[in-house]
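See below for the structure under consideration.
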There are 4 protein chains.
Amino acid sequence: MAKILITYYSRGGNTREMAKIIESAARQVAQTEVTCQEIDQVKVDDLLLYDAIIIGTPVYYGTMAAEIKKLIDDSVCHHSKLAGKIGGAFASSGNVGGGNETAIMDIIKAQLIHGMIIPGSAQGDHYGPVSIGKPDDRAMAQCQKFGKLIAKLTVKMFG
Amino acid sequence: MAKILITYYSRGGNTREMAKIIESAARQVAQTEVTCQEIDQVKVDDLLLYDAIIIGTPVYYGTMAAEIKKLIDDSVCHHSKLAGKIGGAFASSGNVGGGNETAIMDIIKAQLIHGMIIPGSAQGDHYGPVSIGKPDDRAMAQCQKFGKLIAKLTVKMFG
Amino acid sequence: MAKILITYYSRGGNTREMAKIIESAARQVAQTEVTCQEIDQVKVDDLLLYDAIIIGTPVYYGTMAAEIKKLIDDSVCHHSKLAGKIGGAFASSGNVGGGNETAIMDIIKAQLIHGMIIPGSAQGDHYGPVSIGKPDDRAMAQCQKFGKLIAKLTVKMFG
Amino acid sequence: MAKILITYYSRGGNTREMAKIIESAARQVAQTEVTCQEIDQVKVDDLLLYDAIIIGTPVYYGTMAAEIKKLIDDSVCHHSKLAGKIGGAFASSGNVGGGNETAIMDIIKAQLIHGMIIPGSAQGDHYGPVSIGKPDDRAMAQCQKFGKLIAKLTVKMFG
């Protein structure tokens with residue numbers, strides 16, 4: 001089984017809603033075992049248990065929330081042990097042009113530094129799924145596509 | 001008079017339309033002299049003539065078009081002579097999450113390296129105006145706000 | 001008097017040492033009043049008191065430390081009130097290619113979103129001063145140049 | 001055989017030297033067929049022939065040279081056909097803090113948008129190998145490590 005963690009921070013619920021759609025899409029791919037948890041439920045040692053780690057954030061000042069960054073900073077105790085795992089990110093913002101893309105890239109940078117493997121998507125949102133406020137049909141479709149993409153690659157490499 | 005250059009590359013016309021709105025808004029600020037030109041009309045020596053240089057691009061693979069990058073690369077012959085001028089950027093893309101933010105930041109990086117001064121906006125699109133396809137009311141309002149912001153700062157510092 | 005805040009997070013002391021050099025250089029510019037404080041000493045309301053806010057960070061996973069991000073997230077309570085102030089950033093990392101540039105750009109993104117004004121430098125490190133480990137002569141010279149650049153612009157605009 | 005393309009732009013020769021070291025290291029991995037070409041020798045249709053596409057650039061104004069961007073822009077005619085291939089990037093700059101990291105990330109952004117898969121490295125330079133001027137021992141070791149990393153993953157996925 002390919003083990004996938006989707007973790008997120010959410011105050012208003014938009015990022016959580018994206019996480020749930022990604023979770024549901026990833027579960028539809030055979031051979032996956034998917035966990036979806038708020039970031040404060042994830043212990044840094046848990047990161048070792050998964051083949052893929054997907055992180056979602058609301059956009060605060062153009063990048064991830066401090067709560068997300070805290071777990072990433074703490075994960076230094078396992079530096080190099082996450083290498084080879086699959087990574088990916090998603091984000092929700094208040095507005096178009098509101099920092100979604102840069103927030104996702106900042107999470108991807110951290111995953112690359114951990115030695116993780118990041119799949120892009122030629123058809124999806126450029127760096128990972130984005131939502132402007134509450135996920136609309138477009139954002140929901142992006143989350144579904146992303147969940148399947150991550151799950152299929154994780155199964156291919158770890159299943 | 002504060003001299004402002006707005007230059008852009010545009011195939012489909014969306015970035016041009018943004019440029020025209022920014023131009024019109026900047027002209028409404030007293031004491032400004034505004035030039036709006038396609039990038040292939042701008043000679044590298046022209047860059048020395050302006051107090052502010054605003055650059056617009058469609059998003060190609062997450063960043064500025066090669067045509068824009070070409071002028072920026074050529075501008076190395078005037079390196080350090082653009083220092084202290086005002087900079088700014090805007091972009092149009094096909095989709096939400098389609099690279100607008102990263103394209104704008106890549107132009108801003110080049111302007112910072114030239115020693116230019118970049119004003120942010122607490123109310124506008126996060127890094128500069130973005131349009132998804134043809135500018136809608138939201139994008140047009142962002143362009144107007146941006147044109148005035150740039151013009152006012154240029155007048156304050158150079159007028 | 002132009003009021004400048006230099007704030008930083010530092011565990012090993014390298015970022016602190018950069019901060020002290022920037023502080024010293026900024027003080028040498030006439031008409032400045034310079035405060036240099038660790039990030040945990042800065043209350044979010046303090047940010048309103050300064051004309052320039054310079055932020056330094058060690059690089060953790062390609063971007064600013066969570067401790068820095070926390071203050072930035074908290075500063076949302078004053079959103080739009082920091083507009084027009086001068087911003088800038090500096091960073092120290094363990095290695096060349098170790099994330100200094102991206103960490104600085106991530107702080108600059110936050111400052112732009114606050115509506116702050118960011119001066120680049122045609123001669124300095126590309127986005128702000130960087131140090132690889134303990135500041136060497138090169139890094140110290142960059143910090144001095146940066147401190148003066150920020151101070152002079154702040155005096156020009158607010159002095 | 002896993003087919004790997006290393007392509008680069010180089011005026012002074014530093015980026016070329018990095019490319020040659022990466023080429024040599026990749027060749028040492030069994031089951032690889034490695035091509036190393038200047039960017040102007042690569043036809044856009046050639047991109048379809050490889051399982052991995054690695055791109056190197058000198059840093060011009062914080063990002064890739066216009067010559068590199070030109071090929072990337074032209075590659076839109078094969079959009080979605082490069083999906084699933086391995087990507088990666090490297091860069092040389094004149095100075096520490098001279099834009100290497102941001103140039104590499106800008107190439108990675110383009111590769112992600114093509115749907116390519118980007119492996120990070122927990123021990124290497126944060127986003128890809130960087131050289132300050134002519135590659136020194138540190139930079140050469142980074143290039144070797146990177147060449148092997150890319151080659152091994154390409155063999156694993158396509159060999």
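By order of appearance in the structure tokens: chains A, B, ..., then residues from 1 within every chain, and ligands from 1 in the order shown.
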Skip D:Asn95 itself and residues of its chain fewer than 3 positions away, then list as a PDB file with C-alpha atoms, in the first residue's frame all residues within 9 Å of it, counting only C-alpha atoms.
```pdb
ATOM      1  CA  ASP C 125      23.966  40.987  -2.923  1.00  0.00           C
ATOM      2  CA  HIS C 126      21.069  40.564  -5.303  1.00  0.00           C
TER       3      HIS C 126
ATOM      4  CA  SER D  92      26.421  29.817 -12.183  1.00  0.00           C
ATOM      5  CA  GLY D  98      24.005  36.550  -6.967  1.00  0.00           C
ATOM      6  CA  GLY D  99      20.749  34.918  -8.024  1.00  0.00           C
ATOM      7  CA  ASN D 100      21.717  31.264  -8.447  1.00  0.00           C
ATOM      8  CA  SER D 131      28.742  27.734  -8.808  1.00  0.00           C
ATOM      9  CA  ILE D 132      30.203  31.109  -7.915  1.00  0.00           C
ATOM     10  CA  GLY D 133      32.338  31.845 -10.968  1.00  0.00           C
TER      11      GLY D 133
END
```
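Those residues that approach C:Tyr50 to within 9 Å, counting only C-alpha atoms, are Ala2, Lys3, Ile4, Leu5, Asp46, Leu82 and Lys85 of chain C; same-chain residues fewer than 4 positions away are not listed.
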Could the residues in this selection be saved with C-alpha atoms as a short mmCIF file (atom, residue, chain, number, x, y, z; two decimals), in the first residue's frame?
```cif
data_model
loop_
_atom_site.label_atom_id
_atom_site.label_comp_id
_atom_site.auth_asym_id
_atom_site.auth_seq_id
_atom_site.Cartn_x
_atom_site.Cartn_y
_atom_site.Cartn_z
CA ALA C 2 14.07 58.65 10.41
CA LYS C 3 13.20 55.69 12.62
CA ILE C 4 14.59 52.33 11.58
CA LEU C 5 13.87 48.93 13.12
CA ASP C 46 5.83 48.45 17.74
CA LEU C 82 2.53 49.82 7.36
CA LYS C 85 7.29 52.32 5.01
#
```
>> Can you work out which residues from chain C touch chain D at a cut-off of 12 Å (counting only C-alpha atoms) and hand them back as a ChimeraX atom specification?
In response: /C:59-63,90-106,120-132,136,138-139,142
> Could you write out, as number ranges by chain, all the residues of chain D that DSSP marks as strand (DSSP E or B)?
Replying inline: D: 2-8, 32-38, 52-58, 60, 63, 86-93, 117-119, 130-132
> What does the distance between atom CA of A:Ser80 and atom CA of A:Ile118 come to in Å, to one decimal place?
Replying inline: 15.7 Å
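Residue nearest D:Ala151, chosen from D:Lys20, D:Tyr8, D:Gly88, D:Asp73 and counting only C-alpha atoms: D:Gly88.
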>> Would you pick out the contacts of B:Thr154 at 7 Å or less, using only C-alpha atoms, so that residues sharing its chain but fewer than 2 positions from it are not included, and give the list as a ChimeraX atom specification?
In response: /B:2,51-52,86,150-152,156-159
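For the residues A:Arg27, A:Lys145, A:Lys134, A:Lys43, ranking by smallest atom-to-atom distance to A:Lys70 using only C-alpha atoms places A:Lys43 first.
Residues of stretch 23-119 of chain B carrying a DSSP assignment of alpha helix (DSSP H), computed from the backbone, are Glu23, Ser24, Ala25, Ala26, Arg27, Ala66, Glu67, Ile68, Lys69, Lys70, Leu71, Ile72, Asp73, Asp74, Asn100, Glu101, Thr102, Ala103, Ile104, Met105, Asp106, Ile107, Ile108, Lys109, Ala110, Gln111, Leu112 and Ile113 of chain B.
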>> as number ranges by chain, please: the residues near C:Val42 (cut-off 10 Å, only C-alpha atoms, same-chain neighbours under 3 positions excluded).
In response: C: 5, 7-8, 36-39, 45-47, 71
> In Å to one decimal, how far is atom CA of B:Gly87 from atom CA of B:Gln111?
Replying inline: 6.1 Å
>> What's the separation between atom CA of A:Met140 and atom CA of A:Gly13, in Å to one decimal place?
In response: 14.0 Å
